[in-house]
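Listing of my_file.txt, compact mmCIF, C-alpha atoms
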# COMPACT_ATOMS: atom_id res chain seq x y z
CA MET A 1 -2.46 -14.98 32.25
CA GLN A 2 -2.56 -18.30 30.40
CA PHE A 3 -2.60 -18.08 26.60
CA ASP A 4 -3.97 -20.61 24.14
CA LEU A 5 -1.25 -19.94 21.58
CA LEU A 6 2.05 -18.08 21.49
CA ILE A 7 3.80 -17.13 18.22
CA LYS A 8 7.34 -16.55 19.41
CA GLY A 9 10.38 -14.79 18.03
CA GLY A 10 9.05 -13.65 14.64
CA ARG A 11 9.59 -10.39 12.78
CA LEU A 12 6.20 -8.77 13.16
CA ILE A 13 5.26 -6.54 10.22
CA ASP A 14 1.88 -4.86 10.57
CA PRO A 15 1.59 -2.13 7.91
CA ALA A 16 -1.67 -0.80 9.37
CA SER A 17 -0.02 0.07 12.70
CA GLY A 18 3.42 0.82 11.28
CA LEU A 19 5.01 -1.79 13.54
CA GLU A 20 8.04 -3.70 12.27
CA ALA A 21 10.03 -5.38 15.02
CA VAL A 22 10.74 -8.75 16.64
CA ARG A 23 7.69 -9.44 18.78
CA ASP A 24 5.88 -12.32 20.46
CA VAL A 25 2.15 -12.54 19.76
CA ALA A 26 -0.13 -14.29 22.24
CA ILE A 27 -3.67 -15.45 21.49
CA ALA A 28 -6.43 -16.26 23.98
CA ASN A 29 -10.10 -17.03 23.31
CA GLY A 30 -9.63 -16.37 19.61
CA ARG A 31 -8.28 -12.84 20.04
CA VAL A 32 -4.90 -11.19 20.36
CA ALA A 33 -4.12 -11.05 24.07
CA ALA A 34 -0.62 -9.58 24.06
CA ILE A 35 2.08 -8.26 21.71
CA GLU A 36 5.38 -7.89 23.52
CA ALA A 37 9.13 -8.12 22.98
CA ALA A 38 9.25 -11.31 25.04
CA ILE A 39 6.51 -13.49 26.51
CA ASP A 40 7.37 -16.53 28.63
CA ALA A 41 6.50 -19.73 26.74
CA GLU A 42 5.38 -21.32 30.01
CA HIS A 43 2.31 -19.10 29.87
CA ALA A 44 1.04 -20.70 26.63
CA THR A 45 -0.66 -24.02 25.94
CA GLN A 46 0.86 -24.14 22.43
CA VAL A 47 3.96 -22.39 21.11
CA VAL A 48 4.82 -21.74 17.46
CA ASP A 49 8.51 -21.05 16.82
CA ALA A 50 8.53 -18.12 14.39
CA ARG A 51 12.26 -17.36 14.40
CA ASP A 52 13.45 -16.36 10.91
CA CYS A 53 9.78 -15.83 9.93
CA ILE A 54 7.64 -12.84 9.08
CA VAL A 55 4.58 -12.60 11.30
CA THR A 56 1.83 -10.52 9.76
CA PRO A 57 -1.93 -10.00 10.06
CA GLY A 58 -3.82 -12.81 8.36
CA LEU A 59 -3.70 -12.35 4.60
CA ILE A 60 -6.96 -11.38 2.88
CA ASP A 61 -7.46 -12.54 -0.71
CA LEU A 62 -9.92 -9.96 -2.06
CA HIS A 63 -10.62 -11.84 -5.29
CA SER A 64 -11.05 -15.62 -5.19
CA HIS A 65 -13.56 -18.25 -6.29
CA VAL A 66 -14.28 -20.77 -3.54
CA TYR A 67 -17.84 -22.00 -4.19
CA TRP A 68 -16.44 -25.46 -4.90
CA GLY A 69 -18.84 -28.16 -5.99
CA GLY A 70 -21.53 -25.56 -6.61
CA THR A 71 -19.78 -23.79 -9.48
CA SER A 72 -17.38 -25.18 -12.05
CA LEU A 73 -14.55 -22.82 -11.18
CA GLY A 74 -14.59 -23.08 -7.37
CA VAL A 75 -11.66 -24.36 -5.29
CA ASP A 76 -11.61 -25.49 -1.66
CA ALA A 77 -10.58 -22.54 0.54
CA ASP A 78 -9.71 -24.76 3.51
CA ARG A 79 -7.37 -26.80 1.36
CA LEU A 80 -5.51 -23.69 0.14
CA ALA A 81 -5.51 -21.60 3.29
CA ALA A 82 -2.40 -22.71 5.20
CA LYS A 83 -0.28 -23.15 2.08
CA SER A 84 -1.17 -19.68 0.81
CA GLY A 85 -1.04 -17.92 4.20
CA THR A 86 -4.64 -16.83 3.70
CA THR A 87 -7.04 -16.45 6.62
CA THR A 88 -9.85 -14.67 4.75
CA PHE A 89 -11.03 -15.47 1.23
CA ILE A 90 -13.37 -13.01 -0.47
CA ASP A 91 -15.36 -14.80 -3.15
CA ALA A 92 -15.74 -12.51 -6.16
CA GLY A 93 -19.23 -13.24 -7.43
CA SER A 94 -19.23 -17.00 -7.90
CA ALA A 95 -22.83 -16.98 -6.66
CA GLY A 96 -25.75 -14.74 -7.53
CA ALA A 97 -29.08 -14.27 -5.81
CA GLY A 98 -30.35 -17.58 -7.18
CA ASN A 99 -27.69 -19.76 -5.55
CA PHE A 100 -26.15 -17.69 -2.78
CA LEU A 101 -28.00 -19.61 -0.06
CA GLY A 102 -26.38 -22.83 -1.27
CA PHE A 103 -22.96 -21.19 -1.22
CA ARG A 104 -23.57 -20.02 2.33
CA ARG A 105 -24.97 -23.25 3.76
CA HIS A 106 -22.72 -25.74 1.97
CA VAL A 107 -19.39 -23.84 1.88
CA ILE A 108 -19.19 -20.62 3.91
CA GLU A 109 -20.74 -21.99 7.11
CA ARG A 110 -18.75 -25.26 6.93
CA SER A 111 -15.34 -23.76 6.29
CA LYS A 112 -12.62 -23.37 8.90
CA VAL A 113 -11.25 -20.35 7.08
CA ARG A 114 -13.26 -17.12 6.94
CA ILE A 115 -15.15 -16.62 3.67
CA LEU A 116 -16.93 -13.39 2.72
CA ALA A 117 -18.42 -12.66 -0.68
CA TYR A 118 -19.59 -10.34 -3.41
CA VAL A 119 -23.00 -11.17 -4.88
CA ASN A 120 -22.96 -11.45 -8.67
CA ILE A 121 -25.42 -9.21 -10.52
CA SER A 122 -26.28 -12.31 -12.54
CA PHE A 123 -29.02 -14.31 -10.81
CA ALA A 124 -27.20 -17.57 -11.65
CA GLY A 125 -23.68 -16.48 -10.72
CA ILE A 126 -20.76 -17.82 -12.77
CA PHE A 127 -22.24 -21.02 -14.18
CA GLY A 128 -20.51 -21.76 -17.50
CA PHE A 129 -16.76 -21.53 -16.94
CA SER A 130 -14.25 -24.18 -18.05
CA GLN A 131 -11.63 -24.79 -20.70
CA THR A 132 -14.22 -26.22 -23.05
CA VAL A 133 -17.38 -24.31 -22.02
CA SER A 134 -17.56 -20.52 -21.76
CA VAL A 135 -21.00 -19.00 -21.32
CA GLY A 136 -20.87 -15.57 -19.74
CA GLU A 137 -23.37 -15.08 -16.95
CA CYS A 138 -24.10 -11.52 -18.15
CA SER A 139 -24.66 -12.47 -21.79
CA ASP A 140 -28.40 -12.70 -21.13
CA LEU A 141 -29.67 -9.53 -19.51
CA ARG A 142 -32.73 -11.37 -18.22
CA LEU A 143 -30.38 -12.78 -15.55
CA CYS A 144 -29.20 -9.34 -14.41
CA GLU A 145 -31.96 -8.34 -12.01
CA PRO A 146 -30.95 -5.63 -9.51
CA ARG A 147 -33.92 -6.20 -7.20
CA GLU A 148 -32.96 -9.84 -6.67
CA THR A 149 -29.33 -8.85 -6.10
CA VAL A 150 -30.24 -6.27 -3.46
CA ALA A 151 -32.55 -8.74 -1.72
CA ALA A 152 -29.71 -11.29 -1.54
CA VAL A 153 -27.29 -8.69 -0.22
CA ARG A 154 -29.69 -7.75 2.56
CA GLU A 155 -30.58 -11.35 3.44
CA HIS A 156 -26.89 -12.28 3.80
CA ALA A 157 -25.55 -8.93 4.99
CA ASP A 158 -23.25 -10.50 7.59
CA VAL A 159 -21.12 -12.20 4.91
CA VAL A 160 -21.65 -9.96 1.87
CA VAL A 161 -19.18 -7.15 1.13
CA GLY A 162 -20.40 -5.85 -2.23
CA VAL A 163 -21.78 -6.49 -5.70
CA LYS A 164 -19.76 -8.07 -8.53
CA VAL A 165 -20.12 -7.63 -12.27
CA ARG A 166 -18.12 -9.29 -15.03
CA SER A 167 -18.28 -7.24 -18.20
CA GLY A 168 -16.66 -7.88 -21.56
CA LYS A 169 -16.93 -10.15 -24.58
CA HIS A 170 -16.41 -13.35 -22.59
CA ALA A 171 -18.55 -12.53 -19.57
CA GLY A 172 -21.23 -10.44 -21.26
CA GLY A 173 -21.34 -11.39 -24.92
CA THR A 174 -23.11 -8.56 -26.75
CA SER A 175 -24.57 -6.99 -23.59
CA GLY A 176 -22.04 -4.17 -23.68
CA ILE A 177 -22.08 -1.76 -20.76
CA ALA A 178 -25.60 -2.69 -19.58
CA PRO A 179 -24.50 -5.25 -16.90
CA VAL A 180 -22.22 -2.62 -15.35
CA ASP A 181 -25.03 -0.06 -15.14
CA LEU A 182 -27.40 -2.62 -13.62
CA ALA A 183 -24.78 -3.71 -11.09
CA LEU A 184 -24.00 -0.11 -10.15
CA GLU A 185 -27.68 0.52 -9.52
CA ALA A 186 -27.85 -2.53 -7.25
CA ALA A 187 -24.67 -1.53 -5.40
CA ASP A 188 -25.98 2.00 -4.89
CA GLN A 189 -29.30 0.72 -3.54
CA ALA A 190 -27.49 -1.67 -1.18
CA GLY A 191 -25.00 0.98 -0.06
CA LEU A 192 -22.02 -1.21 -0.96
CA PRO A 193 -19.08 -1.04 -3.38
CA LEU A 194 -19.00 -2.60 -6.81
CA MET A 195 -16.20 -4.87 -8.00
CA ALA A 196 -15.94 -4.57 -11.77
CA HIS A 197 -14.22 -7.18 -13.95
CA ILE A 198 -13.20 -6.14 -17.45
CA ASP A 199 -12.14 -8.71 -20.02
CA GLU A 200 -11.99 -8.12 -23.78
CA PRO A 201 -14.17 -5.41 -25.34
CA PRO A 202 -16.97 -4.63 -25.65
CA PRO A 203 -17.35 -2.73 -23.41
CA GLY A 204 -14.06 -0.88 -23.51
CA ARG A 205 -12.25 0.15 -20.39
CA SER A 206 -13.02 3.78 -21.31
CA GLU A 207 -16.73 3.02 -20.88
CA VAL A 208 -16.41 1.21 -17.54
CA LEU A 209 -13.86 3.32 -15.66
CA PRO A 210 -15.74 6.66 -15.63
CA ARG A 211 -18.73 4.92 -14.06
CA LEU A 212 -16.80 3.62 -11.04
CA ARG A 213 -17.16 5.57 -7.82
CA LYS A 214 -14.83 6.17 -4.89
CA GLY A 215 -14.42 2.82 -3.11
CA ASP A 216 -15.45 0.72 -6.11
CA ILE A 217 -12.90 -1.88 -7.15
CA LEU A 218 -11.38 -2.22 -10.60
CA THR A 219 -10.16 -5.79 -10.64
CA HIS A 220 -7.72 -7.08 -13.29
CA CYS A 221 -6.17 -3.61 -13.17
CA PHE A 222 -2.96 -4.81 -14.90
CA ARG A 223 -4.67 -6.90 -17.56
CA PRO A 224 -3.07 -7.45 -21.00
CA PHE A 225 -4.16 -6.12 -24.40
CA PRO A 226 -6.97 -5.64 -25.38
CA ASN A 227 -8.48 -3.37 -22.74
CA ALA A 228 -5.04 -2.89 -21.18
CA PRO A 229 -4.52 0.21 -19.00
CA VAL A 230 -1.47 1.25 -21.04
CA PHE A 231 -0.87 2.25 -24.64
CA ALA A 232 1.38 0.17 -26.91
CA SER A 233 4.12 2.70 -26.14
CA GLY A 234 3.91 1.79 -22.46
CA ALA A 235 2.37 5.13 -21.46
CA VAL A 236 -0.44 4.81 -18.92
CA ARG A 237 -3.85 5.79 -20.27
CA PRO A 238 -5.25 9.02 -18.78
CA ASP A 239 -8.43 7.39 -17.49
CA MET A 240 -6.36 5.28 -15.09
CA TYR A 241 -4.91 8.43 -13.48
CA LEU A 242 -8.39 9.90 -13.20
CA ALA A 243 -9.76 6.72 -11.62
CA ARG A 244 -6.96 6.69 -9.04
CA GLU A 245 -7.58 10.36 -8.20
CA ARG A 246 -11.28 9.62 -7.80
CA GLY A 247 -10.59 6.88 -5.26
CA VAL A 248 -11.24 3.78 -7.37
CA ILE A 249 -9.40 0.82 -5.84
CA PHE A 250 -6.95 -0.98 -8.14
CA ASP A 251 -6.91 -4.75 -7.58
CA ILE A 252 -4.60 -7.23 -9.34
CA GLY A 253 -7.02 -10.18 -9.67
CA HIS A 254 -4.32 -12.26 -11.41
CA GLY A 255 -6.36 -15.30 -12.44
CA MET A 256 -5.92 -17.25 -15.64
CA GLY A 257 -5.63 -14.35 -18.07
CA SER A 258 -5.53 -11.00 -16.28
CA PHE A 259 -1.99 -10.08 -15.25
CA ASP A 260 0.74 -8.88 -17.63
CA PHE A 261 4.30 -8.24 -16.42
CA GLU A 262 4.92 -5.50 -19.00
CA VAL A 263 1.73 -3.68 -18.07
CA ALA A 264 2.61 -3.97 -14.38
CA LYS A 265 6.09 -2.55 -15.02
CA ALA A 266 4.62 0.43 -16.85
CA MET A 267 2.06 1.11 -14.12
CA LEU A 268 4.61 0.79 -11.32
CA ALA A 269 7.03 3.09 -13.14
CA GLU A 270 4.32 5.78 -13.09
CA GLY A 271 3.66 5.35 -9.37
CA LEU A 272 0.39 3.48 -9.94
CA ALA A 273 1.04 0.52 -7.68
CA PRO A 274 -1.94 -1.72 -6.97
CA ASP A 275 -3.97 -0.93 -3.88
CA VAL A 276 -4.73 -4.64 -3.47
CA ILE A 277 -2.92 -7.81 -4.52
CA SER A 278 -5.33 -10.70 -5.03
CA SER A 279 -5.05 -14.05 -6.76
CA ASP A 280 -8.41 -14.56 -8.51
CA VAL A 281 -7.65 -18.18 -7.68
CA HIS A 282 -10.00 -20.70 -9.28
CA LEU A 283 -9.87 -24.22 -10.63
CA TYR A 284 -8.26 -23.14 -13.89
CA CYS A 285 -5.40 -21.11 -12.40
CA VAL A 286 -4.76 -22.78 -9.03
CA ASP A 287 -2.08 -24.91 -10.71
CA GLY A 288 -0.72 -21.85 -12.53
CA PRO A 289 -0.20 -19.17 -13.52
CA ALA A 290 -1.75 -17.52 -10.42
CA PHE A 291 -1.39 -20.42 -7.91
CA ASP A 292 -2.26 -18.36 -4.81
CA ILE A 293 -1.90 -14.95 -3.22
CA LEU A 294 1.67 -15.57 -2.00
CA VAL A 295 2.86 -16.27 -5.54
CA CYS A 296 1.11 -13.10 -6.72
CA MET A 297 2.71 -11.08 -3.92
CA SER A 298 6.10 -12.54 -4.81
CA LYS A 299 5.63 -11.45 -8.42
CA LEU A 300 5.02 -7.86 -7.35
CA MET A 301 8.14 -7.97 -5.16
CA ALA A 302 10.12 -9.23 -8.16
CA LEU A 303 8.82 -6.20 -10.08
CA GLY A 304 10.21 -3.87 -7.40
CA MET A 305 7.33 -3.35 -4.97
CA PRO A 306 8.72 -3.17 -1.38
CA LEU A 307 7.89 -5.98 1.03
CA VAL A 308 5.95 -3.79 3.46
CA GLU A 309 3.78 -2.42 0.63
CA VAL A 310 3.15 -5.90 -0.72
CA LEU A 311 2.01 -6.97 2.76
CA ARG A 312 -0.14 -3.83 3.07
CA ALA A 313 -1.83 -4.73 -0.23
CA ALA A 314 -2.81 -8.13 1.19
CA THR A 315 -3.81 -7.05 4.73
CA GLN A 316 -4.70 -3.43 5.48
CA ARG A 317 -5.92 -2.41 2.02
CA PRO A 318 -8.34 -5.28 1.35
CA ALA A 319 -9.71 -4.91 4.89
CA GLU A 320 -10.41 -1.26 4.11
CA ALA A 321 -11.95 -2.15 0.74
CA ILE A 322 -14.51 -4.42 2.40
CA ALA A 323 -15.05 -2.11 5.40
CA ARG A 324 -13.90 -4.73 7.91
CA PRO A 325 -11.50 -2.74 10.13
CA GLU A 326 -11.24 -5.63 12.58
CA LEU A 327 -9.29 -7.55 9.93
CA GLY A 328 -5.95 -6.73 8.32
CA THR A 329 -4.14 -5.64 11.50
CA LEU A 330 -2.87 -7.12 14.75
CA LYS A 331 -3.78 -5.34 17.97
CA VAL A 332 -4.51 -6.39 21.51
CA GLY A 333 -8.17 -7.33 21.73
CA GLY A 334 -8.41 -7.76 17.96
CA VAL A 335 -9.19 -10.81 15.84
CA GLY A 336 -6.63 -13.60 16.30
CA ASP A 337 -5.86 -14.10 12.60
CA VAL A 338 -2.15 -14.36 11.82
CA SER A 339 0.02 -15.47 8.90
CA VAL A 340 3.51 -16.85 9.55
CA LEU A 341 5.56 -16.42 6.38
CA ARG A 342 9.12 -16.91 5.16
CA LEU A 343 11.04 -14.93 2.60
CA ARG A 344 12.97 -17.72 0.89
CA PRO A 345 16.05 -17.00 -1.21
CA GLY A 346 16.66 -18.97 -4.40
CA ARG A 347 15.97 -18.89 -8.09
CA PHE A 348 12.28 -18.79 -8.91
CA THR A 349 10.58 -18.55 -12.30
CA PHE A 350 7.26 -16.76 -12.39
CA VAL A 351 4.94 -16.71 -15.42
CA ASP A 352 2.27 -14.14 -16.17
CA ALA A 353 -1.07 -14.61 -17.90
CA VAL A 354 0.38 -14.19 -21.40
CA GLY A 355 3.22 -16.66 -20.88
CA ALA A 356 6.09 -14.25 -20.20
CA ALA A 357 8.64 -15.41 -17.61
CA LEU A 358 10.28 -13.43 -14.81
CA ILE A 359 13.22 -14.72 -12.75
CA ALA A 360 13.29 -13.76 -9.06
CA ASP A 361 15.80 -14.37 -6.28
CA GLN A 362 13.26 -14.67 -3.48
CA ARG A 363 9.64 -15.55 -2.83
CA LEU A 364 7.19 -15.64 0.03
CA THR A 365 6.06 -18.98 1.45
CA SER A 366 3.87 -19.93 4.39
CA ASP A 367 4.73 -21.85 7.54
CA GLY A 368 1.08 -21.74 8.58
CA ILE A 369 -1.80 -19.57 9.70
CA VAL A 370 -3.81 -18.79 12.81
CA ILE A 371 -7.57 -18.44 12.37
CA GLY A 372 -9.47 -17.31 15.44
CA GLY A 373 -6.61 -18.46 17.63
CA VAL A 374 -6.24 -21.95 16.10
CA TRP A 375 -2.89 -22.86 14.48
CA TYR A 376 -3.02 -24.56 11.06
CA PRO A 377 0.47 -25.52 9.84
CA ASN A 378 1.31 -25.64 6.15
CA GLU A 379 1.77 -29.33 5.51
CA ALA A 380 2.22 -28.96 1.73
CA GLY A 381 5.75 -27.68 2.09
CA ASP A 382 6.57 -27.34 -1.63
CA CYS A 383 7.50 -23.90 -2.96
CA ASN A 384 8.78 -25.03 -6.37
CA GLU A 385 5.45 -25.46 -8.15
CA THR A 386 6.02 -22.36 -10.26
CA GLU A 387 9.03 -24.06 -11.87
CA ARG A 388 6.85 -26.92 -13.08
CA PHE A 389 4.01 -24.83 -14.45
CA GLU A 390 2.99 -25.44 -18.04
CA PRO A 391 -0.17 -24.01 -19.59
CA HIS A 392 -2.87 -26.64 -19.42
CA ALA A 393 -3.76 -28.59 -22.52
CA PRO A 394 -7.51 -28.70 -23.13
CA HIS A 395 -9.23 -30.97 -20.64
CA THR A 396 -12.85 -31.54 -19.74
CA HIS A 397 -14.08 -30.00 -16.53
CA VAL A 398 -14.47 -33.49 -15.04
CA GLU A 399 -10.78 -34.21 -15.66
CA VAL A 400 -9.58 -30.93 -14.16
CA ALA A 401 -11.84 -31.32 -11.10
CA ALA A 402 -10.68 -34.90 -10.56
CA ARG A 403 -7.05 -33.78 -10.66
CA HIS A 404 -7.73 -31.20 -7.95
CA PHE A 405 -10.35 -32.87 -5.71
CA GLY A 406 -9.93 -36.56 -6.50
CA ARG A 407 -12.42 -38.89 -8.12
CA GLY A 408 -15.73 -40.16 -6.86

Please go through the file and, once you have read it, give me the structure as structure tokens.
Amino acid sequence: MQFDLLIKGGRLIDPASGLEAVRDVAIANGRVAAIEAAIDAEHATQVVDARDCIVTPGLIDLHSHVYWGGTSLGVDADRLAAKSGTTTFIDAGSAGAGNFLGFRRHVIERSKVRILAYVNISFAGIFGFSQTVSVGECSDLRLCEPRETVAAVREHADVVVGVKVRSGKHAGGTSGIAPVDLALEAADQAGLPLMAHIDEPPPGRSEVLPRLRKGDILTHCFRPFPNAPVFASGAVRPDMYLARERGVIFDIGHGMGSFDFEVAKAMLAEGLAPDVISSDVHLYCVDGPAFDILVCMSKLMALGMPLVEVLRAATQRPAEAIARPELGTLKVGGVGDVSVLRLRPGRFTFVDAVGAALIADQRLTSDGIVIGGVWYPNEAGDCNETERFEPHAPHTHVEVAARHFGRG
């Protein structure tokens, strides 16, 4: 059989199947055609040398913001994909019912990388987010209309994976718990999970957590004070144990302000590792402190999470969270999405959302990705950006966008 692409000589780690061994992976017609100890390179049109690399199912970033040009916080998924090893970006509520069609037509359908999405309970999506403008989309409850949300979910069912709500002082103003209740009603009617963001109170975490059901996602699960999941003593709050027992999914959602090393250490020490590692990458954290999913995964490794579990939290677990079993694993006949990664030794400085530094002796980088059988090499090649990170001085949105996308 002739293959379109052969990834040869890599250390295949597929947590979903339990496979960890040197294997060749062949792709034909966009799907995995063979996984064997040795496949003759003469049978492939293109060969990728993966010696000294980790070959894994395509990484899935469960929390990202990629409605670029249509929202102020969006970044270009295609531009980030190969560098971050990401083959599927899940947009976490950038668009609501009022602008989801634009997101679909102008971004999702034109992207090389796969993009799926949560629909924001706010009709307008996330519309007022920058360093100088912060208007929470849930601060006006007139925008939180469950019937419109459900209609959008059903109209775009092939790309929608759930409902998103951002609650808290920044996202909801004085709306309190109401946006969460409205979003839960929409999610229940649509038969889909809810992803719940919590920033600073109100509402408090103790109001939000008991409402979340099995399969709902608590994003920013290791966020700093206030609304942190641990007491000042470092003890984990009881409602976090109860949520885990109930089947609530814990997602990192690093972002600009939602990941604290000390909180993560306390949670990990109590056996409450994250189910999912995601970046919450957007225009105001893509240059730090989050950068991308590989940096976030590397941070969890530096905190003691084993490599295979870090990979599971970026492949198998997010695929399960969005009920897309065809993703997050490599099997013959399955989707031909692959990430080719390296575990680079060195001295790396990582910074969390509150400015604390952590020194690590290794980090994950990407050689490239395969999406539907097509090889996209990482041409960025620089893994030292974390060393140069400094918190941004205040800039206008126009200045930040020009730095990322260029002018004009």

message: With distances taken over all atoms listed in the file, which residue among A:Gly381, A:Arg244, A:Ile293, A:Trp375 lies nearest A:Asp49?
response: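 Closest residue, counting all atoms listed in the file: A:Trp375.
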
Shell around stretch 122-130 of chain A at 8 Å using only C-alpha atoms, local window under 3 positions removed, as a PyMOL selection string: chain A and resi 71-73+93-99+119+133-138+143-145+148-149+165+284+396-397

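Distances here use only C-alpha atoms; by that measure, the residue among A:Ala353, A:Val107, A:Leu182, A:Val310 closest to A:Arg142 is A:Leu182.
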
query: So, counting all atoms listed in the file, which residue among A:Cys296, A:Arg31, A:Pro274, A:Glu245 is closest to A:Thr329?
result: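 With all atoms listed in the file as the atom set, the closest residue is A:Arg31.
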
task: Just the residues within 8 Å of A:His220, please, counting only C-alpha atoms, with nothing from its chain fewer than 2 positions along; format it as a ChimeraX atom specification.
output: /A:197-198,218,222-223,251-254,258-259

- prompt: If you count all atoms listed in the file, which residues fall within 12 Å of A:Gln189, apart from same-chain ones fewer than 5 positions away, as a list in words?
  reply: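 The neighbour list is Pro146, Arg147, Glu148, Thr149, Val150, Ala151, Val153, Arg154, Gly162, Val163, Leu182, Ala183, Leu184 and Leu194 of chain A.
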
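For the atom pair formed by atom CA of A:Gly102 and atom CA of A:Thr88, the distance is 19.4 Å, given to one decimal.
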
message: From the options A:Ala50, A:Val208, A:Leu330, A:Leu283, which residue's atoms come nearest to A:Tyr67, counting all atoms listed in the file?
response: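 Selected residue with least distance to A:Tyr67: A:Leu283.
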
message: Report, in Å with one decimal, the straight-line distance from atom CA of A:His106 to atom CA of A:Phe89.
response: 15.6 Å

- line: atom CA of A:Asp78 sits from atom CA of A:Val286 at a separation of 13.6 Å

field: Exercise: A:Gly85 partners within 10 Å, only C-alpha atoms, chain neighbours under 2 positions left out, as a list in words
entry: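 Contacts, with the query itself left out: Thr56, Pro57, Gly58, Leu59, Ile60, Asp61, Leu80, Ala81, Ala82, Lys83, Thr87, Thr88, Asp292, Ile293, Leu294, Val338, Ser339, Val340, Leu341, Leu364, Thr365, Ser366, Asp367, Gly368, Ile369, Val370, Tyr376, Pro377 and Asn378 of chain A.
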
Please complete stretch 359-364 of chain A so it has all heavy atoms, and hand it over as an mmCIF file, in the coordinates of the input.
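This is the output file out.cif:
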data_model
loop_
_atom_site.group_PDB
_atom_site.id
_atom_site.type_symbol
_atom_site.label_atom_id
_atom_site.label_comp_id
_atom_site.auth_asym_id
_atom_site.auth_seq_id
_atom_site.Cartn_x
_atom_site.Cartn_y
_atom_site.Cartn_z
ATOM 1 N N ILE A 359 12.364 -14.013 -13.700
ATOM 2 C CA ILE A 359 13.220 -14.720 -12.750
ATOM 3 C C ILE A 359 13.378 -13.863 -11.496
ATOM 4 O O ILE A 359 13.692 -12.670 -11.582
ATOM 5 C CB ILE A 359 14.599 -15.031 -13.345
ATOM 6 C CG1 ILE A 359 14.450 -15.779 -14.676
ATOM 7 C CG2 ILE A 359 15.434 -15.850 -12.362
ATOM 8 C CD1 ILE A 359 13.748 -17.099 -14.577
ATOM 9 N N ALA A 360 13.167 -14.468 -10.338
ATOM 10 C CA ALA A 360 13.290 -13.760 -9.060
ATOM 11 C C ALA A 360 14.262 -14.494 -8.155
ATOM 12 O O ALA A 360 14.465 -15.705 -8.283
ATOM 13 C CB ALA A 360 11.917 -13.654 -8.388
ATOM 14 N N ASP A 361 14.850 -13.762 -7.205
ATOM 15 C CA ASP A 361 15.800 -14.370 -6.280
ATOM 16 C C ASP A 361 15.227 -14.598 -4.890
ATOM 17 O O ASP A 361 15.925 -14.968 -3.960
ATOM 18 C CB ASP A 361 17.076 -13.529 -6.190
ATOM 19 C CG ASP A 361 16.822 -12.097 -5.715
ATOM 20 O OD1 ASP A 361 15.685 -11.785 -5.314
ATOM 21 O OD2 ASP A 361 17.770 -11.292 -5.754
ATOM 22 N N GLN A 362 13.921 -14.392 -4.750
ATOM 23 C CA GLN A 362 13.260 -14.670 -3.480
ATOM 24 C C GLN A 362 11.760 -14.816 -3.719
ATOM 25 O O GLN A 362 11.231 -14.352 -4.725
ATOM 26 C CB GLN A 362 13.505 -13.545 -2.471
ATOM 27 C CG GLN A 362 13.009 -12.185 -2.924
ATOM 28 C CD GLN A 362 13.336 -11.068 -1.944
ATOM 29 O OE1 GLN A 362 13.852 -11.296 -0.865
ATOM 30 N NE2 GLN A 362 13.011 -9.839 -2.313
ATOM 31 N N ARG A 363 11.093 -15.470 -2.788
ATOM 32 C CA ARG A 363 9.640 -15.550 -2.830
ATOM 33 C C ARG A 363 9.109 -15.811 -1.438
ATOM 34 O O ARG A 363 9.822 -16.305 -0.547
ATOM 35 C CB ARG A 363 9.152 -16.637 -3.787
ATOM 36 C CG ARG A 363 9.440 -18.060 -3.390
ATOM 37 C CD ARG A 363 8.479 -19.049 -4.028
ATOM 38 N NE ARG A 363 7.147 -18.933 -3.456
ATOM 39 C CZ ARG A 363 6.133 -19.762 -3.744
ATOM 40 N NH1 ARG A 363 6.305 -20.722 -4.626
ATOM 41 N NH2 ARG A 363 4.955 -19.608 -3.175
ATOM 42 N N LEU A 364 7.859 -15.437 -1.244
ATOM 43 C CA LEU A 364 7.190 -15.640 0.030
ATOM 44 C C LEU A 364 6.568 -17.033 0.074
ATOM 45 O O LEU A 364 5.961 -17.481 -0.896
ATOM 46 C CB LEU A 364 6.094 -14.593 0.234
ATOM 47 C CG LEU A 364 6.570 -13.169 0.514
ATOM 48 C CD1 LEU A 364 5.432 -12.174 0.291
ATOM 49 C CD2 LEU A 364 7.109 -13.045 1.942
#
